[in-house]
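Colleague: Sharing a structure here in structure tokens format.
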2 protein chains.
Amino acid sequence: MKYRFFVSISLILLSMNTFSQEELPLSLEDLVPGGETYSKFRPQLPRGLAFYGDRIIYTKGDSAFLVGERGKDAVLLSVNSLNEGFGEEKFKSLPRISFPYAGQSIARLDYKGDLYLYDIVAKKQIATFLITKEAENNDFSVQSKTLAYTKDNNLFVMAKDGKEIPVTTESNLGIVSGQSVHRNEFGIKKGTFWSPKGNLLAFYRMDETMVTDYPLVDASARVAEVKNIKYPMAGMKSHQVTIGVFNPVSKQTVFLKTGTPKEKYLTNIAWSSDEKSIYVAELNRGQDTLQMKRYDASTGKLEATLFTETHPKYVEPENPVFFLKNNPNQFLWLSRRDGYEHFYLYDIQGKLIKQLTSGKWEVSSTIGLDEKGENLLYTSNEASPIESHLYKVNLKTGKRTQLTQEKGVHAVQLSLSGKVVLDVYSSQYNPGKVAEINVAKASVRIFNVAKDPFKNMTLPEIGLDKLKAKDGTTDLYYRLVKPLNFDPSKKYPVVVYVYGGPHSQLVTDTWQGQARGWDIYMAEKGYLVFTLDNRGTSNRGLDFENITHRHLGVVETEDQMTGVDYLKSLPYVDAERIGVHGWSFGGFMTLNLMLRHPETFKVGVAGGPVTDWKYYEIMYGERYMDRPQENPEGYEESNMVEKAGNLKGRLLIIHGDQDPTVVPQHSIQFLRSSVAHGTHPDFFLYPGHEHNVQGPDRVHLHEHITRYFDDFLN
Amino acid sequence: MKYRFFVSISLILLSMNTFSQEELPLSLEDLVPGGETYSKFRPQLPRGLAFYGDRIIYTKGDSAFLVGERGKDAVLLSVNSLNEGFGEEKFKSLPRISFPYAGQSIARLDYKGDLYLYDIVAKKQIATFLITKEAENNDFSVQSKTLAYTKDNNLFVMAKDGKEIPVTTESNLGIVSGQSVHRNEFGIKKGTFWSPKGNLLAFYRMDETMVTDYPLVDASARVAEVKNIKYPMAGMKSHQVTIGVFNPVSKQTVFLKTGTPKEKYLTNIAWSSDEKSIYVAELNRGQDTLQMKRYDASTGKLEATLFTETHPKYVEPENPVFFLKNNPNQFLWLSRRDGYEHFYLYDIQGKLIKQLTSGKWEVSSTIGLDEKGENLLYTSNEASPIESHLYKVNLKTGKRTQLTQEKGVHAVQLSLSGKVVLDVYSSQYNPGKVAEINVAKASVRIFNVAKDPFKNMTLPEIGLDKLKAKDGTTDLYYRLVKPLNFDPSKKYPVVVYVYGGPHSQLVTDTWQGQARGWDIYMAEKGYLVFTLDNRGTSNRGLDFENITHRHLGVVETEDQMTGVDYLKSLPYVDAERIGVHGWSFGGFMTLNLMLRHPETFKVGVAGGPVTDWKYYEIMYGERYMDRPQENPEGYEESNMVEKAGNLKGRLLIIHGDQDPTVVPQHSIQFLRSSVAHGTHPDFFLYPGHEHNVQGPDRVHLHEHITRYFDDFLN
């Protein structure tokens, strides 16, 4: 269900296959990730973008280049120069390169799982970490030059001497250290946290021995085999997390005394600058009370509870405290307590100094501080709910300056000095640009512009606009892709593509308005494809999102029907041929639309759908639905299994048989209920696939989905 | 995959719902087992047919009747009379009644799991066995009045005193006693064998601890649960069976010294008349060598190996030795050694005295001996390959007399005295008759004739006929059901309904030519429905059957294509609209036809299909295919998973997610391969169902199958 808005990442990860003009129509191989020719039709941007000091570098072929003035880029290093410096043919291709030491010429080189520190000026190896193949979750302390990593359920560290030091030696596989916990909710993406100087390593320890096993079956073995996963289901026993602090010198671990109840969420770990304290945003299992706590890293004792945030629905911390450069006794905290995500300045005693930003828009990420530490850089959607720009705000005056000017969605990275920003951005008609921004001067220099991969081709028309929700005030953004060679006097079938769940935004001012390749494919085939971000989705404020609390699917469906009513008002929409497709929460939404409005939708395709929230995980599920025992009416209202008898149209359910996120039980229970109710969904299983069908099989998936609409909607 | 020809059993089990005229067309509820109105459209025959001495009884409502002359039947007993006799209101409805003691008026009454012996003349209880609810596999010794039964994996006996005596006390659930072994192959249906006087109990003990677990997942639990079953797959480790002999008096068990190799088949257990010896047909794992062995029941020692049967393909014993009434030193043995199933008379030293029957037809079952023990009664298809009649053969002269005269398939039962036969039979236009046959006189008296449940209704026309196989000599019987209101000038779509595997015969001269209700339903909708018994199926001799050895699916498909060529020659067949449907081996055949002849078949529905014989069980699989390591080419040739890329038409795969016979892995692997090959079968899963979808859900299944043909073949 993790659906994050990282369009710029995908732009950066583009491959460099050369483009050649193709005949229309574009195929699924051209348009679907995993397709053979997919990369040819993605905008081509420089690879390996990074900073060397305040200079921007990128890689091309065997070399890394420094961005120069007016396209005069200079070779910084090459595979050959590296191999010369190493005195051996170590690199067959360019490693991943970064310069993590401010003001120094030491490169970090990541190559085939190993890690090297290498001074590109002195042409000298500084350190080498040859990592065992079983190692995962590598986390390198730049400061102490120590590497933390996990093997199976245990955590290890390795210093420059290359010796492995075990941090944990747990034989019970149900006790996992050094890995992400709480199923990656609350912004948690990893399980190790080096102190600022790299002298101490905080880490998560998760005891999930008490969590129910969910059996996934791998039928590709000689005889099918069970692969149990720990899956904490809503209302059932949850795992218990603690935080250890390991000292690689003494080899001792101290655990923070986080106490009882053991079922709670320890989120957003942050170190104080002096390495003496650890800040933890602690959330109760009910997720309605957050306490910001400070612990003594050397004793594990609780030093102070700095402040508490509560909300009758839920509180969802996703960003750790962020310390100021010039004052280690002050930090910034991101909170939606006024209804929108904004910065609050606190001192380390927990005293609120002031709210730094405010307004009916949301901060999306903290970028860093400028050179002097006077201005905070962050991105927000202040300019437009469907754009994202970089701003700086003066910590003293609160004065905001927009640093990115061109419309669209900007993904930015700040140099270590705080002087320069690397900006990668696109907008509906801009396939991608890369710019260097001088923070102090607020000046922008574009140094790369991607070509339109569809140049000279006639593509379906993509429109972005908004509607009013039934409340008469809320804007709902939508995207409408029209059939190729659109003729307004004709009647077209429509496919509503929906996600609709928290942490998502499908309609943004990015390249092609974030239209999916499949949308374009379907439009080529003569379908209208419509997508609307209903209430419950992201970046629009707390009320917009949490109106769905305790009855997921109800308001979301109402908003989607607002979209459908609009579609029906269009003269070129065939109201008898309306279909819907979505995956994950979008699969749940597809079921909601098919089963709450069986007269409206002729065809639906629900992939990896939640069908009953009591089968979904505790962390995400209980945030939005509370526990089943606390909210029986809400669980019943949102229960698609019980509504299976409402089915009138054609409904295809698709599930990956290894899905560890929305476990296969959801679809199987839906089928069971359908059989009992005498209704007839169709079903398909993707063996070996998890929550999303990825890789080359994704093309097969979209052939399958397309065929279903062709069979029954066309 | 067990597909036995027991049409008469189903006739006997009919319910007695009264018939009322219905409007055409008939619905799936009318025509499919499990349908609400299914029983209304089955021929109604008497229930509870049994012998009381040489008189025939049946039950109706609360009473049992003795069949009299010219319909003058007399009440034998009733619920009331039983309750009077018991002195309490023990029975709310009639128990199942039989009279197992020759010349005595003692009834065995089976009621709600308990068992009573009751003298209906003396109105006296003789014995009562109140059986615990966990008991299964009840096996009662009439002679010693002792009951054997299993609870979980252990075996128990209970004598008249009602005391439970454990025969085994095994705590390892992988060691099972008193139950059927070898996955019910080799005619094995149970695991306990009382000696003739009931003094000793032989039983199977099966050690399956070394057999691989197959994980079935029950997704209807709160959190899906694994239910492991022991599943011995072709080429892998098999279970090990031994035979114990328990003496309820001494409470001692002796095991037969069946020796090594431990992986072999101990089949067709039989006791000598004097209870001193046990005969076992021992078959090697390779199933090409059978040894008839006699063991000493008191010591377990091997007394003699009486004879050996071998065949380069396979030997398949399915009937135990049968002792003569007048000579305990002689027995009959059924063997296909001359190419057809016939009786051979042996003495107990293993000397062949003579072959008793011969000819190009097959004995189907041993019925018993006549009063004087001079004639053997048996059924065979001597009269016609698609009929089954009762014969007696004189043991001395070999003279055969046909005792049943009317055409069709006769299911018979002999009275204890050997004087009278109860005959239940039907033929294509005869919904069912019940007759009493005097064995000595060979006279037949019909005392019940079922009404045609479709009287006054116009049904699709059902034709039975035969074709020549491509060898130019072999007869292949087929059934063709024509659409209602058939118009030979029109073009109709055809569905080929196929099974095609061993132990099956779908085309017989039984009521409606054994047409399935679904065939009739489809014909009502305008489809032709065609079924042909290809080579590899039953009752046609060894060569007809074992031509498929080591390459299942190849000749079977060739024969089905002979049928399809015939269909294409018919002016009213639309050769562009040929579909195929089958289940189990018929699912395998559906895949063979769709993938070996992709240009011919537009639509297929394969239920519970074998897709790769290496995933099927050892006993059945290795008989026909040998081990995968012995026959890699054959396994490859018959591997549908590898042929998934051939798919051109529309193919729906259906599987029960609890299928313990053809495990779900078959279908999942086929889907995996289809995705890899870029082909697009459809799929449906029946949650909670095993190898066949039964009960009311069977109507849903046939709605689903029908819809698929309507969607893509019509």
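Simple scheme: letters A, B, ... for chains in structure tokens order, numbers from 1 for residues in each chain, numbers from 1 for ligands in the order shown.
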Identify, on the basis of only C-alpha atoms, every residue whose closest approach to A:Met233 does not exceed 12 Å; exclude the query and any residue fewer than 4 positions from it along the same chain; express the result as a VMD selection string.
Modeller: (chain A and resid 183 210 to 214 229 237 to 239 612 to 622 626 to 628 660 to 663 665) or (chain B and resid 222 to 224)
Colleague: Please identify every residue of chain A that has at least one atom no more than 7 Å from any atom of chain B, counting only C-alpha atoms, and report them as a compact mmCIF listing (two decimals) with C-alpha atoms, in the first residue's frame.
Modeller:
```txt
# COMPACT_ATOMS: atom_id res chain seq x y z
CA TYR A 214 0.77 -15.87 7.43
CA PRO A 215 1.51 -18.79 5.11
CA ALA A 219 4.30 -23.52 -5.85
CA SER A 220 7.36 -23.31 -8.08
CA VAL A 223 6.73 -29.80 -4.03
CA ALA A 224 5.03 -26.55 -3.06
CA GLU A 225 6.62 -25.01 0.03
CA VAL A 226 5.27 -22.77 2.75
CA GLN A 665 -6.61 -14.24 1.80
CA ILE A 668 -9.75 -15.81 -1.71
CA GLN A 669 -12.30 -14.73 0.88
CA LEU A 671 -14.22 -15.45 -4.09
CA ARG A 672 -15.58 -17.70 -1.36
CA VAL A 675 -19.63 -18.33 -4.71
CA GLY A 678 -24.10 -16.79 -6.45
CA HIS A 680 -19.43 -14.52 -10.64
CA ASP A 682 -13.34 -13.58 -12.60
CA PHE A 683 -9.92 -14.20 -11.08
CA PHE A 684 -6.29 -14.35 -12.04
CA TYR A 686 0.32 -14.09 -10.71
CA PRO A 687 2.54 -16.88 -9.36
CA ASP A 697 5.50 -9.75 -16.37
CA HIS A 700 1.57 -9.49 -19.40
CA HIS A 704 -4.54 -9.24 -19.32
```
Colleague: For B:Pro100, work out the shell of residues within 12 Å, counting only C-alpha atoms and skipping chain neighbours fewer than 5 positions away, then give it as a ChimeraX atom specification.
Modeller: /B:50-54,105-109,117-119,140-143,145,415-417
Colleague: Using only C-alpha atoms, determine which residues lie at most 7 Å from A:Val449, disregarding the query and same-chain residues fewer than 4 positions distant; provide the list as a list in words.
Modeller: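 Once the nearby chain positions are removed, what remains is Gly432, Lys433 and Val434 of chain A.
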Colleague: Residues of the last selection are to be written out with N, CA and C atoms, as an mmCIF file, in the first residue's frame.
Modeller:
```
data_model
loop_
_atom_site.group_PDB
_atom_site.id
_atom_site.type_symbol
_atom_site.label_atom_id
_atom_site.label_comp_id
_atom_site.auth_asym_id
_atom_site.auth_seq_id
_atom_site.Cartn_x
_atom_site.Cartn_y
_atom_site.Cartn_z
ATOM 1 N N GLY A 432 11.488 17.054 -18.571
ATOM 2 C CA GLY A 432 12.490 17.020 -17.517
ATOM 3 C C GLY A 432 13.593 18.034 -17.754
ATOM 4 N N LYS A 433 13.955 18.723 -16.679
ATOM 5 C CA LYS A 433 15.082 19.652 -16.749
ATOM 6 C C LYS A 433 15.909 19.466 -15.489
ATOM 7 N N VAL A 434 17.195 19.817 -15.617
ATOM 8 C CA VAL A 434 18.073 19.773 -14.450
ATOM 9 C C VAL A 434 18.701 21.150 -14.290
#
```
Colleague: Between atom CA of A:Leu552 and atom CA of A:Gly634, measure the distance and give it in Å to one decimal.
Modeller: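 So the answer is 7.9 Å.
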Colleague: Which parts of stretch 393-494 of chain B does DSSP call strand (DSSP E) when run on the backbone here, written out as a PyMOL selection string?
Modeller: chain B and resi 393-394+400-402+409-414+420-427+430-438+443-449+462-468+475-481+492-494
Colleague: Could you save the residues just selected, with N, CA and C atoms, as a compact mmCIF listing (two decimals), in the first residue's frame?
Modeller:
```txt
# COMPACT_ATOMS: atom_id res chain seq x y z
N VAL B 393 -21.46 -68.87 -14.31
CA VAL B 393 -20.60 -69.80 -15.04
C VAL B 393 -20.43 -71.04 -14.18
N ASN B 394 -20.62 -72.16 -14.81
CA ASN B 394 -20.46 -73.42 -14.07
C ASN B 394 -18.97 -73.67 -13.85
N ARG B 400 -21.55 -70.79 -19.57
CA ARG B 400 -22.02 -69.49 -19.12
C ARG B 400 -23.49 -69.30 -19.44
N THR B 401 -24.23 -68.71 -18.49
CA THR B 401 -25.64 -68.39 -18.72
C THR B 401 -25.86 -66.92 -18.37
N GLN B 402 -26.46 -66.19 -19.28
CA GLN B 402 -26.77 -64.78 -18.99
C GLN B 402 -28.04 -64.73 -18.18
N VAL B 409 -27.32 -51.50 -18.20
CA VAL B 409 -26.29 -51.75 -17.20
C VAL B 409 -26.99 -52.21 -15.92
N HIS B 410 -26.61 -53.39 -15.48
CA HIS B 410 -27.24 -54.02 -14.31
C HIS B 410 -26.30 -53.98 -13.11
N ALA B 411 -26.83 -53.52 -11.98
CA ALA B 411 -26.08 -53.57 -10.73
C ALA B 411 -26.79 -54.57 -9.84
N VAL B 412 -26.07 -55.57 -9.42
CA VAL B 412 -26.75 -56.69 -8.76
C VAL B 412 -26.17 -57.00 -7.39
N GLN B 413 -27.01 -57.68 -6.61
CA GLN B 413 -26.62 -58.08 -5.25
C GLN B 413 -27.22 -59.46 -5.02
N LEU B 414 -26.44 -60.34 -4.42
CA LEU B 414 -26.87 -61.72 -4.23
C LEU B 414 -27.29 -61.94 -2.77
N VAL B 420 -31.07 -65.89 -4.69
CA VAL B 420 -31.80 -64.78 -5.30
C VAL B 420 -30.88 -63.59 -5.56
N VAL B 421 -31.12 -62.92 -6.69
CA VAL B 421 -30.37 -61.71 -7.02
C VAL B 421 -31.32 -60.52 -7.05
N LEU B 422 -30.88 -59.44 -6.50
CA LEU B 422 -31.58 -58.16 -6.61
C LEU B 422 -30.90 -57.39 -7.73
N ASP B 423 -31.65 -56.97 -8.70
CA ASP B 423 -31.08 -56.36 -9.92
C ASP B 423 -31.67 -54.97 -10.12
N VAL B 424 -30.81 -53.96 -10.10
CA VAL B 424 -31.25 -52.59 -10.40
C VAL B 424 -30.58 -52.19 -11.69
N TYR B 425 -31.35 -51.77 -12.66
CA TYR B 425 -30.74 -51.51 -13.96
C TYR B 425 -31.46 -50.40 -14.72
N SER B 426 -30.74 -49.86 -15.65
CA SER B 426 -31.33 -48.84 -16.52
C SER B 426 -30.69 -48.99 -17.89
N SER B 427 -31.29 -48.35 -18.87
CA SER B 427 -30.67 -48.27 -20.19
C SER B 427 -31.07 -46.92 -20.77
N ASN B 430 -34.62 -46.40 -20.56
CA ASN B 430 -35.23 -46.99 -19.37
C ASN B 430 -34.65 -46.29 -18.15
N PRO B 431 -35.45 -45.47 -17.47
CA PRO B 431 -34.89 -44.71 -16.34
C PRO B 431 -34.53 -45.59 -15.16
N GLY B 432 -35.04 -46.79 -15.07
CA GLY B 432 -34.67 -47.64 -13.96
C GLY B 432 -35.72 -48.70 -13.67
N LYS B 433 -35.27 -49.92 -13.47
CA LYS B 433 -36.16 -51.00 -13.07
C LYS B 433 -35.48 -51.78 -11.97
N VAL B 434 -36.31 -52.44 -11.14
CA VAL B 434 -35.77 -53.30 -10.10
C VAL B 434 -36.39 -54.68 -10.28
N ALA B 435 -35.55 -55.70 -10.27
CA ALA B 435 -36.03 -57.05 -10.50
C ALA B 435 -35.43 -58.01 -9.50
N GLU B 436 -36.16 -59.13 -9.34
CA GLU B 436 -35.69 -60.23 -8.50
C GLU B 436 -35.39 -61.38 -9.47
N ILE B 437 -34.22 -61.96 -9.34
CA ILE B 437 -33.84 -63.03 -10.25
C ILE B 437 -33.65 -64.32 -9.45
N ASN B 438 -34.30 -65.35 -9.88
CA ASN B 438 -34.09 -66.66 -9.27
C ASN B 438 -32.90 -67.29 -9.98
N SER B 443 -34.93 -67.05 -13.75
CA SER B 443 -36.17 -66.33 -14.05
C SER B 443 -36.11 -64.93 -13.44
N VAL B 444 -36.72 -64.01 -14.13
CA VAL B 444 -36.65 -62.59 -13.72
C VAL B 444 -38.06 -62.10 -13.40
N ARG B 445 -38.20 -61.44 -12.29
CA ARG B 445 -39.48 -60.79 -11.98
C ARG B 445 -39.23 -59.31 -11.69
N ILE B 446 -39.71 -58.48 -12.57
CA ILE B 446 -39.57 -57.03 -12.36
C ILE B 446 -40.63 -56.58 -11.38
N PHE B 447 -40.24 -55.90 -10.32
CA PHE B 447 -41.26 -55.47 -9.37
C PHE B 447 -41.30 -53.95 -9.20
N ASN B 448 -40.44 -53.26 -9.87
CA ASN B 448 -40.54 -51.80 -9.79
C ASN B 448 -40.00 -51.17 -11.07
N VAL B 449 -40.76 -50.23 -11.60
CA VAL B 449 -40.35 -49.52 -12.82
C VAL B 449 -40.42 -48.02 -12.54
N ILE B 462 -30.44 -37.52 -27.65
CA ILE B 462 -29.16 -38.10 -27.25
C ILE B 462 -28.88 -39.32 -28.12
N GLY B 463 -27.77 -39.29 -28.82
CA GLY B 463 -27.42 -40.43 -29.67
C GLY B 463 -26.15 -41.12 -29.18
N LEU B 464 -26.17 -42.46 -29.21
CA LEU B 464 -24.96 -43.24 -28.89
C LEU B 464 -24.53 -43.97 -30.15
N ASP B 465 -23.25 -43.96 -30.44
CA ASP B 465 -22.78 -44.67 -31.62
C ASP B 465 -21.27 -44.88 -31.48
N LYS B 466 -20.63 -45.39 -32.50
CA LYS B 466 -19.18 -45.60 -32.41
C LYS B 466 -18.49 -45.20 -33.70
N LEU B 467 -17.21 -44.92 -33.56
CA LEU B 467 -16.34 -44.56 -34.68
C LEU B 467 -15.16 -45.52 -34.69
N LYS B 468 -14.44 -45.56 -35.81
CA LYS B 468 -13.19 -46.33 -35.82
C LYS B 468 -12.03 -45.40 -35.47
N ASP B 475 -12.96 -49.80 -32.04
CA ASP B 475 -14.21 -49.06 -31.89
C ASP B 475 -14.06 -48.03 -30.78
N LEU B 476 -14.52 -46.83 -31.07
CA LEU B 476 -14.56 -45.78 -30.06
C LEU B 476 -16.01 -45.35 -29.91
N TYR B 477 -16.55 -45.53 -28.72
CA TYR B 477 -17.95 -45.21 -28.50
C TYR B 477 -18.09 -43.72 -28.18
N TYR B 478 -19.13 -43.13 -28.70
CA TYR B 478 -19.36 -41.72 -28.41
C TYR B 478 -20.83 -41.46 -28.13
N ARG B 479 -21.07 -40.32 -27.56
CA ARG B 479 -22.43 -39.83 -27.31
C ARG B 479 -22.53 -38.43 -27.89
N LEU B 480 -23.58 -38.16 -28.60
CA LEU B 480 -23.79 -36.82 -29.15
C LEU B 480 -25.16 -36.33 -28.71
N VAL B 481 -25.15 -35.24 -27.97
CA VAL B 481 -26.41 -34.62 -27.54
C VAL B 481 -26.67 -33.45 -28.47
N TYR B 492 -24.18 -25.36 -35.60
CA TYR B 492 -24.16 -25.24 -34.14
C TYR B 492 -22.72 -25.30 -33.60
N PRO B 493 -22.50 -24.61 -32.50
CA PRO B 493 -21.22 -24.81 -31.81
C PRO B 493 -21.24 -26.15 -31.06
N VAL B 494 -20.07 -26.72 -30.85
CA VAL B 494 -19.96 -28.00 -30.13
C VAL B 494 -19.09 -27.84 -28.91
```
Colleague: Would you pick out the contacts of stretch 284-291 of chain A at 9 Å or less, using only C-alpha atoms, so that residues sharing its chain but fewer than 5 positions from it are not included, and give the list as a PDB file with C-alpha atoms, in the first residue's frame?
Modeller:
```
ATOM      1  CA  PRO A 261       2.936  -0.916  27.065  1.00  0.00           C
ATOM      2  CA  GLU A 263       2.874  -2.522  21.903  1.00  0.00           C
ATOM      3  CA  LYS A 264       3.579   0.993  20.717  1.00  0.00           C
ATOM      4  CA  TYR A 265       5.365   2.784  17.942  1.00  0.00           C
ATOM      5  CA  LEU A 266       8.907   4.110  18.409  1.00  0.00           C
ATOM      6  CA  THR A 305       8.904  14.116  27.508  1.00  0.00           C
ATOM      7  CA  LEU A 306       9.156  17.288  25.503  1.00  0.00           C
ATOM      8  CA  PHE A 307       5.634  17.612  24.203  1.00  0.00           C
ATOM      9  CA  THR A 308       2.526  15.653  23.364  1.00  0.00           C
ATOM     10  CA  GLU A 309       0.329  15.784  20.291  1.00  0.00           C
ATOM     11  CA  THR A 310      -3.116  14.235  20.267  1.00  0.00           C
ATOM     12  CA  HIS A 311      -5.943  14.007  17.800  1.00  0.00           C
ATOM     13  CA  PRO A 312      -9.317  12.243  18.127  1.00  0.00           C
ATOM     14  CA  LYS A 313      -8.674  10.498  14.812  1.00  0.00           C
ATOM     15  CA  TYR A 314      -4.935   9.920  14.512  1.00  0.00           C
ATOM     16  CA  VAL A 315      -1.514  11.512  14.671  1.00  0.00           C
ATOM     17  CA  GLU A 316       0.973  10.403  12.049  1.00  0.00           C
ATOM     18  CA  PRO A 317       4.592  11.492  12.630  1.00  0.00           C
ATOM     19  CA  ILE A 618      -2.144  -3.254  12.271  1.00  0.00           C
ATOM     20  CA  MET A 619      -0.066  -0.120  11.653  1.00  0.00           C
ATOM     21  CA  GLU A 622      -5.733   0.643  12.742  1.00  0.00           C
ATOM     22  CA  ARG A 623      -4.662   4.217  11.971  1.00  0.00           C
ATOM     23  CA  ASP A 626      -9.176   1.573  14.617  1.00  0.00           C
ATOM     24  CA  ARG A 627      -9.320  -2.019  15.792  1.00  0.00           C
TER      25      ARG A 627
END
```
Colleague: Might you pull out every residue within 12 Å of B:Gly408, with only C-alpha atoms counted and same-chain residues fewer than 5 positions away left off, and present them as a ChimeraX atom specification?
Modeller: /B:7-8,380-381,383-390,423-433,507-514
Colleague: Using only C-alpha atoms, can you tell me which of B:Ile175, B:Val167, B:Leu332, B:Val573 comes closest to B:Ile353?
Modeller: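 So, comparing all the options, the nearest one is B:Leu332.
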Colleague: Return as JSON, numbers by chain the full set of residues in stretch 430-617 of chain A whose backbone-based DSSP assignment is alpha helix (DSSP H).
Modeller: {"A": [517, 518, 519, 520, 521, 522, 523, 524, 542, 543, 544, 545, 546, 554, 555, 556, 557, 558, 559, 560, 561, 562, 563, 564, 565, 566, 567, 568, 569, 585, 586, 587, 588, 589, 590, 591, 592, 593, 594, 595, 596]}
Colleague: So the first atom is atom CA of B:Val693 and the second is atom CA of B:His655; what is the distance between them in Å, to one decimal place?
Modeller: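 Separation of atom CA of B:Val693 and atom CA of B:His655: 8.8 Å.
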Colleague: For B:Ala135, please output as a PDB file with C-alpha atoms, in the first residue's frame all residues within 8 Å (counting only C-alpha atoms; exclusion window: fewer than 6 positions along the same chain).
Modeller:
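Okay, this is what ended up in around_35.pdb:
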```
ATOM      1  CA  TYR B 149     -12.885 -48.377  14.016  1.00  0.00           C
ATOM      2  CA  THR B 150     -10.269 -45.669  13.904  1.00  0.00           C
ATOM      3  CA  LYS B 151      -9.803 -42.464  15.840  1.00  0.00           C
TER       4      LYS B 151
END
```
